[in-house]
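Colleague: Below you'll find the structure I mean.
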Amino acid sequence: MLDQRVLPTRVEWIRYDSAEEVAQGIKDMVVRGAPAIGIAAAYGMALAALHNQDPLKADQILRQSRPTAVNLFWALDRIKSLPENTFDEILNESKLIEQEDLKMNLAIGKNGATLIPANANIMTICNTGALATAGHGTALGVIRSALANGKNIHVWSCETRPRQQGLRLTAFELLHDNIPFHSIADGTAATLMAQGKVDCVIAGADRIAANGDTANKIGTYMLAVLAHHHNIPFYIAAPTSTFDSSLPNGSLIPIEERSSEEITHIEGVQVAPDNCPTFNPGFDVTPGSLITAIITENGVFHQPYNFA
Ligand code: MRU
């Protein structure tokens, strides 16, 4: 796995030989982003089969790695339902999950690009690009596709504290693709909207409930409220593997709480007082009522959402 914890300043790969190690890699966020977590978990099951590890145990350990992104459980369910559970079969299914994700992202990009004006300042949060998926990306994929369609795009990329996926990873991808952008501190979003410098917001998703309520990186809900106040379209871009139709609404989505250190330390350096109390949920839930449209590989959906 490409170690996303040390990008963009270091490019390091980590080798994994067991499902347990892959689960730890997901937990530690060596790999992150909902679709990428699902793909990694499927390959983790292939490793378990290769080394004759107990598949039930491997499945359980991988399921416990991170709670919010439903793609993880979706991918593991797919592996679990295979008729033979041989190494070859699991490896093939994992490759299929990966290839399908890339196809879905390209379709999301194509569908989403139709919503983007010819000249657009687009705000986004976290990293939803190639690093978070099998390639192209979801929200970032829409931006890539709009650009490929000849639109004049500029991106406002939110830093995304505490782990800075926007500053580290989205900026890395935008620079790589030569996409015009500025990285901003999360608190700058309101000012830019008030100044009329944001034409739309596009975010990804970790789990979408039947009524359209959407869990995504902490800070997404704040952007949706701001966008609503300033009358700016707010879009979610996600593949159908991110939908959880078993949950009627977002209050039932499990929200991961991460370590206090993510708040109190930056790059391993303590910046808060000793024993500083913290609260560090990794995700928030944006009500479907604040989402202008949900962009999927199957098309663009509008309110009222009903994905049951
Ligand atoms: O904690 P992370 O970095 O895994 O959170 C990622 C996000 O919230 C993304 O927006 C989401 O998974 C969609 S990635 C295409």
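Residue numbers start at 1 in each chain; chains themselves are named A, B, ... in the order of the structure tokens; ligands are numbered from 1 in the order shown.
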Skipping near chain neighbours, those fewer than 6 positions away, what residues fall within 10 Å of Asp59 of chain A using only C-alpha atoms, listed as a CSV table (one decimal) with C-alpha atoms, in the first residue's frame?

Modeller:
chain,number,residue,atom,x,y,z
A,19,ALA,CA,-5.6,-9.8,6.7
A,20,GLU,CA,-4.7,-8.7,10.2
A,23,ALA,CA,-6.9,-4.3,8.9
A,41,ALA,CA,-10.4,-5.2,2.7
A,42,ALA,CA,-11.2,-7.4,-0.3
A,44,GLY,CA,-7.0,-8.6,2.7
A,45,MET,CA,-9.4,-11.5,2.4
A,48,ALA,CA,-6.1,-14.7,4.2
A,73,PHE,CA,-18.8,-3.9,4.7
A,76,LEU,CA,-16.6,-7.9,2.6
A,77,ASP,CA,-20.2,-9.0,2.0
A,79,ILE,CA,-16.4,-11.7,-0.7
A,80,LYS,CA,-18.4,-13.6,1.9

Colleague: As a ChimeraX atom specification, please: every residue in segment 183-227 of chain A that a backbone DSSP assignment puts in helix (DSSP H, G or I).

Modeller: /A:186-194,220-227

Colleague: Deliver the residues from the most recent selection as a file, using all heavy atoms, as a compact mmCIF listing (two decimals), in the first residue's frame.

Modeller:
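Below is the file part_13.txt, written as the result:
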# COMPACT_ATOMS: atom_id res chain seq x y z
N ASP A 186 -9.92 25.52 6.93
CA ASP A 186 -11.35 25.20 6.92
C ASP A 186 -12.21 26.42 7.26
O ASP A 186 -13.28 26.61 6.70
CB ASP A 186 -11.63 24.05 7.89
CG ASP A 186 -10.86 22.79 7.50
OD1 ASP A 186 -10.77 22.49 6.30
OD2 ASP A 186 -10.32 22.12 8.40
N GLY A 187 -11.71 27.25 8.15
CA GLY A 187 -12.47 28.41 8.61
C GLY A 187 -12.64 29.50 7.57
O GLY A 187 -13.39 30.46 7.79
N THR A 188 -11.99 29.36 6.42
CA THR A 188 -12.08 30.38 5.37
C THR A 188 -13.31 30.21 4.48
O THR A 188 -13.68 31.11 3.71
CB THR A 188 -10.78 30.33 4.50
OG1 THR A 188 -9.67 30.42 5.38
CG2 THR A 188 -10.69 31.46 3.51
N ALA A 189 -13.95 29.06 4.59
CA ALA A 189 -15.05 28.72 3.68
C ALA A 189 -16.16 29.79 3.67
O ALA A 189 -16.61 30.22 2.60
CB ALA A 189 -15.63 27.36 4.04
N ALA A 190 -16.58 30.23 4.85
CA ALA A 190 -17.70 31.18 4.92
C ALA A 190 -17.37 32.49 4.24
O ALA A 190 -18.18 33.06 3.51
CB ALA A 190 -18.09 31.42 6.39
N THR A 191 -16.16 32.98 4.47
CA THR A 191 -15.73 34.25 3.88
C THR A 191 -15.78 34.18 2.36
O THR A 191 -16.29 35.09 1.69
CB THR A 191 -14.30 34.58 4.35
OG1 THR A 191 -14.37 34.83 5.76
CG2 THR A 191 -13.72 35.79 3.65
N LEU A 192 -15.26 33.10 1.79
CA LEU A 192 -15.26 32.95 0.33
C LEU A 192 -16.68 32.90 -0.22
O LEU A 192 -16.98 33.49 -1.26
CB LEU A 192 -14.49 31.68 -0.07
CG LEU A 192 -12.98 31.77 0.06
CD1 LEU A 192 -12.34 30.40 -0.11
CD2 LEU A 192 -12.41 32.74 -0.99
N MET A 193 -17.55 32.22 0.51
CA MET A 193 -18.96 32.13 0.04
C MET A 193 -19.61 33.51 0.11
O MET A 193 -20.30 33.93 -0.82
CB MET A 193 -19.74 31.12 0.89
CG MET A 193 -19.31 29.69 0.64
SD MET A 193 -20.41 28.54 1.48
CE MET A 193 -19.49 27.02 1.32
N ALA A 194 -19.37 34.23 1.20
CA ALA A 194 -19.97 35.57 1.35
C ALA A 194 -19.47 36.51 0.28
O ALA A 194 -20.18 37.42 -0.15
CB ALA A 194 -19.65 36.11 2.74
N THR A 220 -17.96 18.56 6.74
CA THR A 220 -18.81 18.57 5.54
C THR A 220 -20.16 19.23 5.84
O THR A 220 -20.67 20.05 5.07
CB THR A 220 -19.02 17.13 5.03
OG1 THR A 220 -17.74 16.54 4.81
CG2 THR A 220 -19.82 17.11 3.74
N TYR A 221 -20.73 18.87 6.99
CA TYR A 221 -22.03 19.42 7.38
C TYR A 221 -21.95 20.95 7.50
O TYR A 221 -22.84 21.68 7.05
CB TYR A 221 -22.44 18.76 8.71
CG TYR A 221 -23.71 19.24 9.36
CD1 TYR A 221 -24.78 19.74 8.62
CD2 TYR A 221 -23.86 19.15 10.75
CE1 TYR A 221 -25.96 20.15 9.24
CE2 TYR A 221 -25.03 19.56 11.37
CZ TYR A 221 -26.06 20.06 10.61
OH TYR A 221 -27.21 20.46 11.23
N MET A 222 -20.84 21.40 8.05
CA MET A 222 -20.62 22.85 8.21
C MET A 222 -20.65 23.52 6.83
O MET A 222 -21.29 24.57 6.65
CB MET A 222 -19.25 23.01 8.86
CG MET A 222 -18.79 24.37 9.17
SD MET A 222 -17.31 24.29 10.21
CE MET A 222 -16.06 23.79 9.04
N LEU A 223 -20.03 22.91 5.84
CA LEU A 223 -20.03 23.48 4.48
C LEU A 223 -21.44 23.48 3.90
O LEU A 223 -21.83 24.42 3.20
CB LEU A 223 -19.09 22.69 3.55
CG LEU A 223 -17.60 22.74 3.85
CD1 LEU A 223 -16.82 21.94 2.82
CD2 LEU A 223 -17.10 24.18 3.91
N ALA A 224 -22.21 22.42 4.19
CA ALA A 224 -23.58 22.34 3.66
C ALA A 224 -24.47 23.44 4.25
O ALA A 224 -25.27 24.06 3.54
CB ALA A 224 -24.17 20.95 3.95
N VAL A 225 -24.32 23.68 5.55
CA VAL A 225 -25.09 24.75 6.20
C VAL A 225 -24.71 26.10 5.59
O VAL A 225 -25.57 26.93 5.27
CB VAL A 225 -24.85 24.74 7.73
CG1 VAL A 225 -25.49 25.96 8.39
CG2 VAL A 225 -25.39 23.47 8.35
N LEU A 226 -23.42 26.31 5.43
CA LEU A 226 -22.92 27.57 4.85
C LEU A 226 -23.44 27.74 3.42
O LEU A 226 -23.86 28.83 3.02
CB LEU A 226 -21.39 27.58 4.83
CG LEU A 226 -20.70 27.80 6.17
CD1 LEU A 226 -19.20 27.60 6.01
CD2 LEU A 226 -20.99 29.20 6.70
N ALA A 227 -23.38 26.67 2.64
CA ALA A 227 -23.82 26.73 1.24
C ALA A 227 -25.31 27.07 1.18
O ALA A 227 -25.74 27.91 0.38
CB ALA A 227 -23.54 25.40 0.54

Colleague: Taking only C-alpha atoms and all ligand atoms and a cut-off of 7 Å, can you tell me which residues surround ligand 1, written as a ChimeraX atom specification?

Modeller: /A:29,32-35,69,125-129,132-133,137-139,165,203-206,216-217,238,282-283

Colleague: Measure the distance from atom CA of Ile291 of chain A to atom CA of Val201 of chain A in Å and round it to one decimal.

Modeller: 9.9 Å

Colleague: Taking only C-alpha atoms into account, name the residue in A:Ile97, A:Leu147, A:Leu62, A:Ile263 that is nearest to Pro117 of chain A.

Modeller: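 Using only C-alpha atoms, the shortest distance to Pro117 of chain A belongs to A:Leu147.
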
Colleague: One decimal, Å: what's the distance from atom CA of Gly250 of chain A over to atom CA of Thr214 of chain A, could you say?

Modeller: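 Atom CA of Thr214 of chain A lies 6.4 Å from atom CA of Gly250 of chain A.
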
Colleague: For atom CA of Ser245 of chain A and atom CA of Leu290 of chain A, determine how far apart the two atoms are, in Å to one decimal place.

Modeller: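 Atom-to-atom, atom CA of Ser245 of chain A and atom CA of Leu290 of chain A are spaced 19.0 Å apart.
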
Colleague: Closest to Ser157 of chain A among A:His182, A:Lys57, A:Arg144, A:His136, using only C-alpha atoms?

Modeller: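 With only C-alpha atoms as the atom set, the closest residue is A:His182.
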
Colleague: Among segment 5-243 of chain A, which ones does DSSP assign to strand (DSSP E) (computed from the backbone)? Answer as a PyMOL selection string.

Modeller: chain A and resi 119-124+152-158+181-184+200-203+207-209+214-217+234-237+243

Colleague: List as a ChimeraX atom specification the protein and nucleic acid residues near Gly38 of chain A, meaning an atom at most 6 Å away when only C-alpha atoms are counted, but skip any in the same chain fewer than 2 places from it.

Modeller: /A:35-36,40-41,71-72,75

Colleague: Measuring between only C-alpha atoms, which one of A:Leu82, A:Phe181, A:Lys197, A:Phe172 shows the shortest distance to Val11 of chain A?

Modeller: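 Residue with the minimum atom-to-atom distance to Val11 of chain A: A:Phe172.
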
Colleague: I want to know what sits within 9 Å of Val300 of chain A, based on only C-alpha atoms, with residues of the same chain fewer than 3 positions away left out; could you give that as a compact mmCIF listing (two decimals) with N, CA, C and O atoms, in the first residue's frame?

Modeller:
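Below is the file out.txt, written as the result:
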# COMPACT_ATOMS: atom_id res chain seq x y z
N ILE A 108 -19.56 8.68 -12.59
CA ILE A 108 -19.92 9.77 -11.66
C ILE A 108 -19.39 11.09 -12.22
O ILE A 108 -20.09 12.11 -12.24
N ASN A 111 -21.53 12.18 -15.16
CA ASN A 111 -22.86 12.67 -14.73
C ASN A 111 -22.73 14.00 -13.99
O ASN A 111 -23.55 14.91 -14.17
N GLY A 112 -21.72 14.10 -13.15
CA GLY A 112 -21.57 15.29 -12.32
C GLY A 112 -21.13 16.50 -13.13
O GLY A 112 -21.52 17.65 -12.81
N ALA A 293 -28.09 17.83 -4.76
CA ALA A 293 -28.21 16.63 -5.59
C ALA A 293 -27.15 15.63 -5.16
O ALA A 293 -26.10 16.00 -4.63
N ILE A 294 -27.44 14.34 -5.38
CA ILE A 294 -26.48 13.27 -5.12
C ILE A 294 -26.11 12.65 -6.46
O ILE A 294 -26.99 12.19 -7.20
N ILE A 295 -24.82 12.70 -6.76
CA ILE A 295 -24.33 12.26 -8.07
C ILE A 295 -23.80 10.83 -7.94
O ILE A 295 -22.90 10.56 -7.13
N THR A 296 -24.35 9.91 -8.69
CA THR A 296 -23.89 8.51 -8.66
C THR A 296 -23.56 8.06 -10.08
O THR A 296 -23.80 8.81 -11.04
N GLU A 297 -23.08 6.82 -10.19
CA GLU A 297 -22.78 6.28 -11.53
C GLU A 297 -24.08 6.04 -12.30
O GLU A 297 -24.07 5.94 -13.52

Colleague: For Val6 of chain A, work out the shell of residues within 10 Å, counting only C-alpha atoms and skipping chain neighbours fewer than 6 positions away, then give it as a list of chain:residue names.

Modeller: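 Contacts, in chain order: A:Glu12, A:Val30, A:Arg168, A:Leu169, A:Glu267.
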
Colleague: Smallest atom-to-atom distance to Pro254 of chain A: which of A:Ser18, A:Thr160, A:Gln24, A:Thr68, using only C-alpha atoms?

Modeller: A:Thr68
